[in-house]
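Student: So here's my_file_20.pdb (PDB, C-alpha atoms).
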```
ATOM      1  CA  MET A   1       5.796 -19.376 -27.654  1.00  0.00           C
ATOM      2  CA  LYS A   2       5.345 -20.130 -23.964  1.00  0.00           C
ATOM      3  CA  PHE A   3       5.642 -17.224 -21.566  1.00  0.00           C
ATOM      4  CA  GLN A   4       7.391 -17.631 -18.230  1.00  0.00           C
ATOM      5  CA  PHE A   5       5.286 -17.147 -15.102  1.00  0.00           C
ATOM      6  CA  ASN A   6       6.609 -14.295 -12.959  1.00  0.00           C
ATOM      7  CA  GLY A   7       6.342 -15.079  -9.250  1.00  0.00           C
ATOM      8  CA  GLN A   8       7.286 -11.527  -8.294  1.00  0.00           C
ATOM      9  CA  ARG A   9       4.162 -10.298 -10.098  1.00  0.00           C
ATOM     10  CA  PHE A  10       2.088 -12.895  -8.248  1.00  0.00           C
ATOM     11  CA  LYS A  11       3.482 -11.617  -4.959  1.00  0.00           C
ATOM     12  CA  GLN A  12       2.725  -8.016  -5.999  1.00  0.00           C
ATOM     13  CA  ALA A  13      -0.887  -8.931  -6.752  1.00  0.00           C
ATOM     14  CA  ARG A  14      -1.266 -10.758  -3.429  1.00  0.00           C
ATOM     15  CA  ILE A  15       0.125  -7.851  -1.432  1.00  0.00           C
ATOM     16  CA  TYR A  16      -1.869  -5.336  -3.494  1.00  0.00           C
ATOM     17  CA  ARG A  17      -5.044  -7.146  -2.454  1.00  0.00           C
ATOM     18  CA  GLY A  18      -3.884  -7.204   1.180  1.00  0.00           C
ATOM     19  CA  LEU A  19      -3.815 -10.993   1.432  1.00  0.00           C
ATOM     20  CA  THR A  20      -1.486 -13.327   3.283  1.00  0.00           C
ATOM     21  CA  LYS A  21      -0.024 -16.447   1.685  1.00  0.00           C
ATOM     22  CA  ASN A  22      -2.446 -18.544   3.740  1.00  0.00           C
ATOM     23  CA  GLU A  23      -5.445 -16.547   2.521  1.00  0.00           C
ATOM     24  CA  VAL A  24      -4.384 -16.902  -1.121  1.00  0.00           C
ATOM     25  CA  ALA A  25      -3.746 -20.618  -0.607  1.00  0.00           C
ATOM     26  CA  GLU A  26      -7.325 -21.002   0.658  1.00  0.00           C
ATOM     27  CA  LYS A  27      -8.722 -19.068  -2.308  1.00  0.00           C
ATOM     28  CA  LEU A  28      -6.710 -21.188  -4.747  1.00  0.00           C
ATOM     29  CA  ASP A  29      -7.336 -24.437  -2.867  1.00  0.00           C
ATOM     30  CA  CYS A  30      -3.650 -25.272  -2.490  1.00  0.00           C
ATOM     31  CA  GLN A  31      -0.947 -25.364   0.182  1.00  0.00           C
ATOM     32  CA  ARG A  32       0.811 -22.309   1.615  1.00  0.00           C
ATOM     33  CA  GLN A  33       4.120 -23.847   0.527  1.00  0.00           C
ATOM     34  CA  THR A  34       2.864 -23.865  -3.063  1.00  0.00           C
ATOM     35  CA  ILE A  35       2.188 -20.130  -2.850  1.00  0.00           C
ATOM     36  CA  SER A  36       5.689 -19.570  -1.425  1.00  0.00           C
ATOM     37  CA  ALA A  37       7.191 -21.586  -4.267  1.00  0.00           C
ATOM     38  CA  TYR A  38       5.240 -19.642  -6.909  1.00  0.00           C
ATOM     39  CA  GLU A  39       6.448 -16.355  -5.405  1.00  0.00           C
ATOM     40  CA  SER A  40      10.103 -17.158  -4.825  1.00  0.00           C
ATOM     41  CA  ASP A  41      11.189 -20.077  -7.002  1.00  0.00           C
ATOM     42  CA  PRO A  42      11.824 -19.031 -10.624  1.00  0.00           C
ATOM     43  CA  LYS A  43      11.501 -22.680 -11.665  1.00  0.00           C
ATOM     44  CA  ALA A  44       7.997 -22.996 -10.188  1.00  0.00           C
ATOM     45  CA  ASN A  45       5.694 -22.753 -13.149  1.00  0.00           C
ATOM     46  CA  PRO A  46       1.975 -23.072 -12.373  1.00  0.00           C
ATOM     47  CA  SER A  47      -0.349 -24.473 -14.985  1.00  0.00           C
ATOM     48  CA  GLU A  48      -2.247 -22.102 -17.264  1.00  0.00           C
ATOM     49  CA  ASN A  49      -5.414 -23.127 -15.447  1.00  0.00           C
ATOM     50  CA  MET A  50      -3.854 -22.164 -12.093  1.00  0.00           C
ATOM     51  CA  VAL A  51      -2.733 -18.781 -13.477  1.00  0.00           C
ATOM     52  CA  ARG A  52      -6.278 -18.144 -14.734  1.00  0.00           C
ATOM     53  CA  CYS A  53      -7.550 -18.994 -11.255  1.00  0.00           C
ATOM     54  CA  MET A  54      -4.993 -16.607  -9.692  1.00  0.00           C
ATOM     55  CA  ALA A  55      -6.108 -13.868 -12.044  1.00  0.00           C
ATOM     56  CA  GLU A  56      -9.761 -14.453 -11.196  1.00  0.00           C
ATOM     57  CA  LYS A  57      -9.293 -14.654  -7.415  1.00  0.00           C
ATOM     58  CA  LEU A  58      -6.939 -11.656  -7.234  1.00  0.00           C
ATOM     59  CA  ASN A  59      -8.837  -9.674  -9.878  1.00  0.00           C
ATOM     60  CA  PHE A  60      -5.803  -9.062 -12.113  1.00  0.00           C
ATOM     61  CA  PRO A  61      -5.449  -9.786 -15.837  1.00  0.00           C
ATOM     62  CA  VAL A  62      -3.749 -13.075 -16.709  1.00  0.00           C
ATOM     63  CA  LYS A  63      -1.132 -11.166 -18.705  1.00  0.00           C
ATOM     64  CA  PHE A  64      -0.006  -9.394 -15.508  1.00  0.00           C
ATOM     65  CA  PHE A  65       1.479 -12.646 -14.152  1.00  0.00           C
ATOM     66  CA  TYR A  66       3.691 -13.087 -17.207  1.00  0.00           C
ATOM     67  CA  GLU A  67       5.096  -9.546 -17.451  1.00  0.00           C
ATOM     68  CA  LYS A  68       8.571  -8.619 -16.326  1.00  0.00           C
ATOM     69  CA  PRO A  69       8.212  -5.998 -13.606  1.00  0.00           C
ATOM     70  CA  GLN A  70       9.920  -2.699 -14.214  1.00  0.00           C
ATOM     71  CA  LYS A  71      11.512  -1.300 -11.103  1.00  0.00           C
ATOM     72  CA  ILE A  72      10.273   2.236 -10.691  1.00  0.00           C
ATOM     73  CA  GLU A  73      11.688   4.575  -8.083  1.00  0.00           C
ATOM     74  CA  ILE A  74       8.980   5.913  -5.803  1.00  0.00           C
ATOM     75  CA  GLY A  75       9.288   8.133  -2.778  1.00  0.00           C
ATOM     76  CA  SER A  76       8.286   7.247   0.734  1.00  0.00           C
ATOM     77  CA  THR A  77       4.705   6.658   1.732  1.00  0.00           C
ATOM     78  CA  TYR A  78       3.719   8.476   4.897  1.00  0.00           C
ATOM     79  CA  PHE A  79       1.088   7.347   7.375  1.00  0.00           C
ATOM     80  CA  ARG A  80      -0.615   9.533   9.969  1.00  0.00           C
ATOM     81  CA  ALA A  81      -0.218   7.015  12.777  1.00  0.00           C
ATOM     82  CA  LEU A  82       2.743   4.808  11.955  1.00  0.00           C
ATOM     83  CA  LEU A  83       2.654   2.952  15.269  1.00  0.00           C
ATOM     84  CA  THR A  84      -0.987   1.910  14.832  1.00  0.00           C
ATOM     85  CA  THR A  85      -0.752   1.146  11.106  1.00  0.00           C
ATOM     86  CA  SER A  86      -0.125  -2.546  10.474  1.00  0.00           C
ATOM     87  CA  GLN A  87       2.844  -3.666   8.402  1.00  0.00           C
ATOM     88  CA  ARG A  88       0.442  -5.551   6.149  1.00  0.00           C
ATOM     89  CA  TYR A  89      -1.478  -2.356   5.376  1.00  0.00           C
ATOM     90  CA  ARG A  90       1.739  -0.380   4.800  1.00  0.00           C
ATOM     91  CA  ASP A  91       3.028  -3.050   2.398  1.00  0.00           C
ATOM     92  CA  GLN A  92      -0.306  -2.984   0.562  1.00  0.00           C
ATOM     93  CA  GLN A  93      -0.165   0.810   0.139  1.00  0.00           C
ATOM     94  CA  ASP A  94       3.466   0.686  -1.020  1.00  0.00           C
ATOM     95  CA  GLU A  95       2.508  -1.883  -3.669  1.00  0.00           C
ATOM     96  CA  LYS A  96      -0.392   0.284  -4.827  1.00  0.00           C
ATOM     97  CA  MET A  97       1.909   3.301  -5.139  1.00  0.00           C
ATOM     98  CA  GLU A  98       4.407   1.279  -7.170  1.00  0.00           C
ATOM     99  CA  LEU A  99       1.728   0.099  -9.602  1.00  0.00           C
ATOM    100  CA  LEU A 100       0.320   3.633  -9.898  1.00  0.00           C
ATOM    101  CA  ALA A 101       3.831   4.896 -10.661  1.00  0.00           C
ATOM    102  CA  TYR A 102       4.133   2.195 -13.333  1.00  0.00           C
ATOM    103  CA  ILE A 103       0.827   3.292 -14.910  1.00  0.00           C
ATOM    104  CA  TYR A 104       1.887   6.947 -14.805  1.00  0.00           C
ATOM    105  CA  THR A 105       5.256   6.127 -16.408  1.00  0.00           C
ATOM    106  CA  PHE A 106       3.515   4.160 -19.146  1.00  0.00           C
ATOM    107  CA  LEU A 107       1.018   6.959 -19.827  1.00  0.00           C
ATOM    108  CA  GLN A 108       3.784   9.575 -20.013  1.00  0.00           C
ATOM    109  CA  GLU A 109       4.767   8.071 -23.353  1.00  0.00           C
ATOM    110  CA  TYR A 110       1.362   9.064 -24.767  1.00  0.00           C
ATOM    111  CA  ILE A 111       0.179  12.053 -22.719  1.00  0.00           C
ATOM    112  CA  ASP A 112       1.813  15.395 -21.985  1.00  0.00           C
ATOM    113  CA  PHE A 113       0.889  15.894 -18.345  1.00  0.00           C
ATOM    114  CA  PRO A 114       0.841  19.483 -17.039  1.00  0.00           C
ATOM    115  CA  LYS A 115       3.880  20.609 -15.088  1.00  0.00           C
ATOM    116  CA  LEU A 116       3.562  20.515 -11.317  1.00  0.00           C
ATOM    117  CA  ASN A 117       2.912  24.029 -10.057  1.00  0.00           C
ATOM    118  CA  VAL A 118       3.649  23.897  -6.324  1.00  0.00           C
ATOM    119  CA  PRO A 119       5.715  26.529  -4.516  1.00  0.00           C
ATOM    120  CA  ASN A 120       8.788  25.631  -2.487  1.00  0.00           C
ATOM    121  CA  CYS A 121       7.524  25.468   1.105  1.00  0.00           C
ATOM    122  CA  ILE A 122      10.643  24.120   2.794  1.00  0.00           C
ATOM    123  CA  GLY A 123      11.020  25.540   6.287  1.00  0.00           C
ATOM    124  CA  ARG A 124       7.485  26.942   6.387  1.00  0.00           C
ATOM    125  CA  SER A 125       4.711  25.976   8.752  1.00  0.00           C
ATOM    126  CA  PRO A 126       1.703  24.128   7.286  1.00  0.00           C
ATOM    127  CA  ASP A 127      -0.374  27.314   7.569  1.00  0.00           C
ATOM    128  CA  GLU A 128       2.266  29.369   5.747  1.00  0.00           C
ATOM    129  CA  ALA A 129       2.599  26.699   3.058  1.00  0.00           C
ATOM    130  CA  ALA A 130      -1.173  26.624   2.563  1.00  0.00           C
ATOM    131  CA  MET A 131      -1.328  30.400   2.220  1.00  0.00           C
ATOM    132  CA  LEU A 132       1.569  30.417  -0.247  1.00  0.00           C
ATOM    133  CA  LEU A 133      -0.105  27.721  -2.351  1.00  0.00           C
ATOM    134  CA  ARG A 134      -3.448  29.545  -2.293  1.00  0.00           C
ATOM    135  CA  LYS A 135      -1.696  32.718  -3.477  1.00  0.00           C
ATOM    136  CA  GLN A 136       0.159  30.933  -6.305  1.00  0.00           C
ATOM    137  CA  TRP A 137      -2.987  29.142  -7.473  1.00  0.00           C
ATOM    138  CA  LYS A 138      -5.059  32.329  -7.089  1.00  0.00           C
ATOM    139  CA  LEU A 139      -7.451  30.767  -4.602  1.00  0.00           C
ATOM    140  CA  GLU A 140      -9.361  32.818  -2.108  1.00  0.00           C
ATOM    141  CA  ASN A 141      -8.988  32.266   1.626  1.00  0.00           C
ATOM    142  CA  LYS A 142     -12.209  30.289   2.065  1.00  0.00           C
ATOM    143  CA  PRO A 143     -13.143  26.605   1.824  1.00  0.00           C
ATOM    144  CA  ILE A 144     -12.733  25.073  -1.621  1.00  0.00           C
ATOM    145  CA  GLU A 145     -16.165  23.884  -2.687  1.00  0.00           C
ATOM    146  CA  ASN A 146     -15.214  21.632  -5.583  1.00  0.00           C
ATOM    147  CA  LEU A 147     -11.835  19.987  -5.953  1.00  0.00           C
TER     148      LEU A 147
END
```
Please express what this file holds, its structure, as C-alpha coordinates.
Tutor:
Amino acid sequence: MKFQFNGQRFKQARIYRGLTKNEVAEKLDCQRQTISAYESDPKANPSENMVRCMAEKLNFPVKFFYEKPQKIEIGSTYFRALLTTSQRYRDQQDEKMELLAYIYTFLQEYIDFPKLNVPNCIGRSPDEAAMLLRKQWKLENKPIENL
(Lines of atoms letter the chains of each structure in order from A and count residues from 1; the text may use other names and numbers.)
(Lines give C-alpha, C1' and ligand atoms only; values in the text may rest on other atoms or scores of the structure.)
Protein backbone atom coordinates (compact mmCIF):
# COMPACT_ATOMS: atom_id res chain seq x y z
CA MET A 1 0.00 0.00 0.00
CA LYS A 2 1.40 3.38 -1.01
CA PHE A 3 1.00 6.21 1.46
CA GLN A 4 0.15 9.71 0.28
CA PHE A 5 2.73 12.43 0.93
CA ASN A 6 1.32 15.20 3.12
CA GLY A 7 2.55 18.62 2.03
CA GLN A 8 1.08 20.28 5.12
CA ARG A 9 3.39 18.14 7.27
CA PHE A 10 6.34 19.14 5.08
CA LYS A 11 5.45 22.79 5.61
CA GLN A 12 5.16 22.20 9.38
CA ALA A 13 8.63 20.65 9.47
CA ARG A 14 10.11 23.52 7.44
CA ILE A 15 8.59 26.17 9.69
CA TYR A 16 9.49 24.19 12.82
CA ARG A 17 13.13 24.33 11.75
CA GLY A 18 12.83 28.06 11.02
CA LEU A 19 13.65 27.73 7.32
CA THR A 20 12.34 29.59 4.30
CA LYS A 21 11.29 27.83 1.11
CA ASN A 22 14.49 29.05 -0.53
CA GLU A 23 16.65 27.62 2.26
CA VAL A 24 14.92 24.23 2.04
CA ALA A 25 15.24 24.27 -1.75
CA GLU A 26 19.00 24.77 -1.37
CA LYS A 27 19.26 21.93 1.15
CA LEU A 28 17.28 19.61 -1.13
CA ASP A 29 19.00 20.81 -4.30
CA CYS A 30 15.75 21.73 -6.05
CA GLN A 31 13.78 24.82 -7.09
CA ARG A 32 11.76 27.01 -4.74
CA GLN A 33 8.71 26.33 -6.91
CA THR A 34 9.13 22.61 -6.24
CA ILE A 35 9.00 23.27 -2.50
CA SER A 36 5.86 25.40 -2.97
CA ALA A 37 4.25 22.61 -4.98
CA TYR A 38 5.10 19.98 -2.34
CA GLU A 39 3.57 22.17 0.37
CA SER A 40 0.39 23.29 -1.37
CA ASP A 41 -0.48 20.93 -4.21
CA PRO A 42 -2.10 17.70 -2.97
CA LYS A 43 -1.22 16.06 -6.30
CA ALA A 44 2.50 16.79 -5.90
CA ASN A 45 3.99 13.53 -4.78
CA PRO A 46 7.77 13.54 -4.26
CA SER A 47 9.72 10.35 -4.76
CA GLU A 48 10.51 8.16 -1.76
CA ASN A 49 14.14 9.17 -2.17
CA MET A 50 13.18 12.86 -1.98
CA VAL A 51 11.07 12.26 1.15
CA ARG A 52 14.03 10.48 2.77
CA CYS A 53 16.18 13.48 1.89
CA MET A 54 13.57 15.84 3.40
CA ALA A 55 13.52 13.78 6.56
CA GLU A 56 17.31 13.83 6.80
CA LYS A 57 17.73 17.55 6.09
CA LEU A 58 14.87 18.64 8.38
CA ASN A 59 15.67 16.02 11.04
CA PHE A 60 12.16 14.52 11.12
CA PRO A 61 11.18 10.86 10.74
CA VAL A 62 10.09 9.82 7.24
CA LYS A 63 6.75 8.67 8.65
CA PHE A 64 5.98 12.25 9.74
CA PHE A 65 5.58 13.34 6.10
CA TYR A 66 2.90 10.72 5.46
CA GLU A 67 0.74 11.30 8.55
CA LYS A 68 -2.52 13.18 8.47
CA PRO A 69 -2.16 16.16 10.79
CA GLN A 70 -4.64 16.40 13.61
CA LYS A 71 -5.78 19.93 14.24
CA ILE A 72 -5.29 20.65 17.90
CA GLU A 73 -6.57 23.81 19.53
CA ILE A 74 -3.79 25.72 21.24
CA GLY A 75 -3.91 29.06 22.98
CA SER A 76 -2.00 32.14 22.00
CA THR A 77 1.75 32.35 22.20
CA TYR A 78 2.98 35.52 23.86
CA PHE A 79 6.27 37.26 23.15
CA ARG A 80 7.98 39.80 25.40
CA ALA A 81 8.76 42.20 22.57
CA LEU A 82 6.25 41.61 19.81
CA LEU A 83 7.46 44.52 17.69
CA THR A 84 11.05 43.26 17.62
CA THR A 85 10.19 39.57 17.23
CA SER A 86 10.26 38.50 13.59
CA GLN A 87 7.23 36.87 12.00
CA ARG A 88 9.44 33.94 11.01
CA TYR A 89 10.40 33.33 14.65
CA ARG A 90 6.78 33.68 15.82
CA ASP A 91 5.61 31.17 13.19
CA GLN A 92 8.37 28.78 14.27
CA GLN A 93 7.31 28.99 17.94
CA ASP A 94 3.63 28.52 17.05
CA GLU A 95 4.53 25.37 15.09
CA LYS A 96 6.56 24.05 18.02
CA MET A 97 3.65 24.64 20.39
CA GLU A 98 1.27 22.82 18.05
CA LEU A 99 3.55 19.78 17.83
CA LEU A 100 4.05 19.78 21.61
CA ALA A 101 0.27 19.89 22.05
CA TYR A 102 -0.01 16.93 19.66
CA ILE A 103 2.55 14.96 21.69
CA TYR A 104 0.77 15.83 24.94
CA THR A 105 -2.61 14.77 23.50
CA PHE A 106 -1.12 11.49 22.32
CA LEU A 107 0.50 10.79 25.71
CA GLN A 108 -2.75 11.54 27.57
CA GLU A 109 -4.08 8.25 26.23
CA TYR A 110 -1.37 6.39 28.18
CA ILE A 111 -0.45 8.62 31.13
CA ASP A 112 -2.57 10.16 33.87
CA PHE A 113 -1.01 13.60 34.19
CA PRO A 114 -1.46 15.41 37.52
CA LYS A 115 -4.18 18.05 37.65
CA LEU A 116 -3.03 21.63 37.23
CA ASN A 117 -2.91 23.28 40.64
CA VAL A 118 -2.77 27.02 39.93
CA PRO A 119 -4.91 29.56 41.77
CA ASN A 120 -7.20 31.97 39.93
CA CYS A 121 -5.18 35.19 39.70
CA ILE A 122 -7.48 37.20 37.45
CA GLY A 123 -7.39 40.88 38.35
CA ARG A 124 -4.31 40.54 40.56
CA SER A 125 -0.95 42.16 40.06
CA PRO A 126 2.00 39.89 39.18
CA ASP A 127 3.34 40.27 42.73
CA GLU A 128 -0.02 39.32 44.25
CA ALA A 129 -0.33 36.36 41.89
CA ALA A 130 3.16 35.16 42.79
CA MET A 131 2.41 35.39 46.51
CA LEU A 132 -0.89 33.54 46.07
CA LEU A 133 0.84 30.76 44.11
CA ARG A 134 3.63 30.48 46.69
CA LYS A 135 1.01 30.15 49.44
CA GLN A 136 -0.98 27.48 47.57
CA TRP A 137 2.15 25.48 46.74
CA LYS A 138 3.51 25.96 50.28
CA LEU A 139 6.67 27.68 49.09
CA GLU A 140 8.58 30.07 51.27
CA ASN A 141 9.16 33.67 50.25
CA LYS A 142 12.75 33.19 49.09
CA PRO A 143 14.39 32.21 45.80
CA ILE A 144 13.59 28.71 44.59
CA GLU A 145 16.88 26.85 44.40
CA ASN A 146 15.83 23.87 42.31
CA LEU A 147 12.90 23.88 39.93
Student: Grab the atom CA of Glu98 of chain A to atom CA of Glu67 of chain A distance for me, in Å with one decimal place.
Tutor: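 About the pair atom CA of Glu98 of chain A and atom CA of Glu67 of chain A: they are 14.9 Å apart.
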Student: Translate the PyMOL selection byres ((chain A and resi 117) around 10), as applied to the file shown, into an explicit residue set as a PyMOL selection string.
Tutor: chain A and resi 114-116+118-120+133+136-137
Student: What is the atom CA of Leu58 of chain A-atom CA of Gln108 of chain A distance in Å, reported with one decimal?
Tutor: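 Rounded to one decimal, the two atoms are 27.0 Å apart.
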Student: Determine the residue membership of the PyMOL selection byres ((chain A and resi 99) around 12) for the file above and supply it as a list of chain:residue names.
Tutor: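 Answer for the PyMOL selection byres ((chain A and resi 99) around 12): A:Arg9, A:Gln12, A:Ala13, A:Ile15, A:Tyr16, A:Phe64, A:Pro69, A:Gln70, A:Lys71, A:Ile72, A:Glu73, A:Ile74, A:Gln92, A:Gln93, A:Asp94, A:Glu95, A:Lys96, A:Met97, A:Glu98, A:Leu100, A:Ala101, A:Tyr102, A:Ile103, A:Tyr104, A:Thr105, A:Phe106.
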Student: For the atom pair atom CA of Glu48 of chain A and atom CA of Gln4 of chain A, what is the interatomic distance in Å to one decimal place?
Tutor: 10.7 Å
Student: Can you list, as a list in words, the residues that the PyMOL selection byres ((chain A and resi 36) around 12) selects here?
Tutor: Gly7, Gln8, Phe10, Lys11, Arg14, Thr20, Lys21, Asn22, Val24, Ala25, Cys30, Gln31, Arg32, Gln33, Thr34, Ile35, Ala37, Tyr38, Glu39, Ser40, Asp41, Pro42 and Ala44 of chain A
Student: Can you give me N, CA, C and O atoms for segment 120-137 of chain A, written as a PDB file, keeping the file's coordinate frame?
Tutor:
```
ATOM      1  N   ASN A 120       7.847  26.219  -3.426  1.00  0.00           N
ATOM      2  CA  ASN A 120       8.788  25.631  -2.487  1.00  0.00           C
ATOM      3  C   ASN A 120       8.398  26.081  -1.083  1.00  0.00           C
ATOM      4  O   ASN A 120       8.465  27.269  -0.764  1.00  0.00           O
ATOM      5  N   CYS A 121       8.005  25.145  -0.244  1.00  0.00           N
ATOM      6  CA  CYS A 121       7.524  25.468   1.105  1.00  0.00           C
ATOM      7  C   CYS A 121       8.457  24.936   2.184  1.00  0.00           C
ATOM      8  O   CYS A 121       8.047  24.797   3.344  1.00  0.00           O
ATOM      9  N   ILE A 122       9.682  24.650   1.821  1.00  0.00           N
ATOM     10  CA  ILE A 122      10.643  24.120   2.794  1.00  0.00           C
ATOM     11  C   ILE A 122      10.867  25.151   3.899  1.00  0.00           C
ATOM     12  O   ILE A 122      11.086  26.336   3.634  1.00  0.00           O
ATOM     13  N   GLY A 123      10.789  24.679   5.141  1.00  0.00           N
ATOM     14  CA  GLY A 123      11.020  25.540   6.287  1.00  0.00           C
ATOM     15  C   GLY A 123       9.806  26.357   6.706  1.00  0.00           C
ATOM     16  O   GLY A 123       9.888  27.139   7.646  1.00  0.00           O
ATOM     17  N   ARG A 124       8.698  26.190   6.035  1.00  0.00           N
ATOM     18  CA  ARG A 124       7.485  26.942   6.387  1.00  0.00           C
ATOM     19  C   ARG A 124       6.546  26.070   7.201  1.00  0.00           C
ATOM     20  O   ARG A 124       6.552  24.842   7.078  1.00  0.00           O
ATOM     21  N   SER A 125       5.721  26.710   7.982  1.00  0.00           N
ATOM     22  CA  SER A 125       4.711  25.976   8.752  1.00  0.00           C
ATOM     23  C   SER A 125       3.626  25.520   7.781  1.00  0.00           C
ATOM     24  O   SER A 125       3.498  26.067   6.673  1.00  0.00           O
ATOM     25  N   PRO A 126       2.805  24.554   8.165  1.00  0.00           N
ATOM     26  CA  PRO A 126       1.703  24.128   7.286  1.00  0.00           C
ATOM     27  C   PRO A 126       0.771  25.283   6.923  1.00  0.00           C
ATOM     28  O   PRO A 126       0.321  25.385   5.778  1.00  0.00           O
ATOM     29  N   ASP A 127       0.497  26.169   7.862  1.00  0.00           N
ATOM     30  CA  ASP A 127      -0.374  27.314   7.569  1.00  0.00           C
ATOM     31  C   ASP A 127       0.259  28.242   6.540  1.00  0.00           C
ATOM     32  O   ASP A 127      -0.403  28.704   5.601  1.00  0.00           O
ATOM     33  N   GLU A 128       1.569  28.511   6.705  1.00  0.00           N
ATOM     34  CA  GLU A 128       2.266  29.369   5.747  1.00  0.00           C
ATOM     35  C   GLU A 128       2.300  28.725   4.370  1.00  0.00           C
ATOM     36  O   GLU A 128       2.091  29.397   3.348  1.00  0.00           O
ATOM     37  N   ALA A 129       2.554  27.419   4.337  1.00  0.00           N
ATOM     38  CA  ALA A 129       2.599  26.699   3.058  1.00  0.00           C
ATOM     39  C   ALA A 129       1.232  26.750   2.371  1.00  0.00           C
ATOM     40  O   ALA A 129       1.153  26.966   1.159  1.00  0.00           O
ATOM     41  N   ALA A 130       0.178  26.576   3.133  1.00  0.00           N
ATOM     42  CA  ALA A 130      -1.173  26.624   2.563  1.00  0.00           C
ATOM     43  C   ALA A 130      -1.473  28.007   1.990  1.00  0.00           C
ATOM     44  O   ALA A 130      -2.034  28.132   0.893  1.00  0.00           O
ATOM     45  N   MET A 131      -1.082  29.034   2.699  1.00  0.00           N
ATOM     46  CA  MET A 131      -1.328  30.400   2.220  1.00  0.00           C
ATOM     47  C   MET A 131      -0.514  30.684   0.952  1.00  0.00           C
ATOM     48  O   MET A 131      -1.013  31.300   0.005  1.00  0.00           O
ATOM     49  N   LEU A 132       0.716  30.227   0.925  1.00  0.00           N
ATOM     50  CA  LEU A 132       1.569  30.417  -0.247  1.00  0.00           C
ATOM     51  C   LEU A 132       0.977  29.696  -1.469  1.00  0.00           C
ATOM     52  O   LEU A 132       0.937  30.243  -2.579  1.00  0.00           O
ATOM     53  N   LEU A 133       0.512  28.479  -1.260  1.00  0.00           N
ATOM     54  CA  LEU A 133      -0.105  27.721  -2.351  1.00  0.00           C
ATOM     55  C   LEU A 133      -1.380  28.396  -2.844  1.00  0.00           C
ATOM     56  O   LEU A 133      -1.602  28.530  -4.046  1.00  0.00           O
ATOM     57  N   ARG A 134      -2.210  28.845  -1.912  1.00  0.00           N
ATOM     58  CA  ARG A 134      -3.448  29.545  -2.293  1.00  0.00           C
ATOM     59  C   ARG A 134      -3.127  30.789  -3.132  1.00  0.00           C
ATOM     60  O   ARG A 134      -3.812  31.078  -4.108  1.00  0.00           O
ATOM     61  N   LYS A 135      -2.078  31.515  -2.748  1.00  0.00           N
ATOM     62  CA  LYS A 135      -1.696  32.718  -3.477  1.00  0.00           C
ATOM     63  C   LYS A 135      -1.227  32.351  -4.889  1.00  0.00           C
ATOM     64  O   LYS A 135      -1.636  32.972  -5.875  1.00  0.00           O
ATOM     65  N   GLN A 136      -0.368  31.321  -4.995  1.00  0.00           N
ATOM     66  CA  GLN A 136       0.159  30.933  -6.305  1.00  0.00           C
ATOM     67  C   GLN A 136      -0.942  30.415  -7.220  1.00  0.00           C
ATOM     68  O   GLN A 136      -0.921  30.661  -8.419  1.00  0.00           O
ATOM     69  N   TRP A 137      -1.898  29.690  -6.662  1.00  0.00           N
ATOM     70  CA  TRP A 137      -2.987  29.142  -7.473  1.00  0.00           C
ATOM     71  C   TRP A 137      -4.166  30.098  -7.597  1.00  0.00           C
ATOM     72  O   TRP A 137      -5.201  29.749  -8.137  1.00  0.00           O
TER      73      TRP A 137
END
```
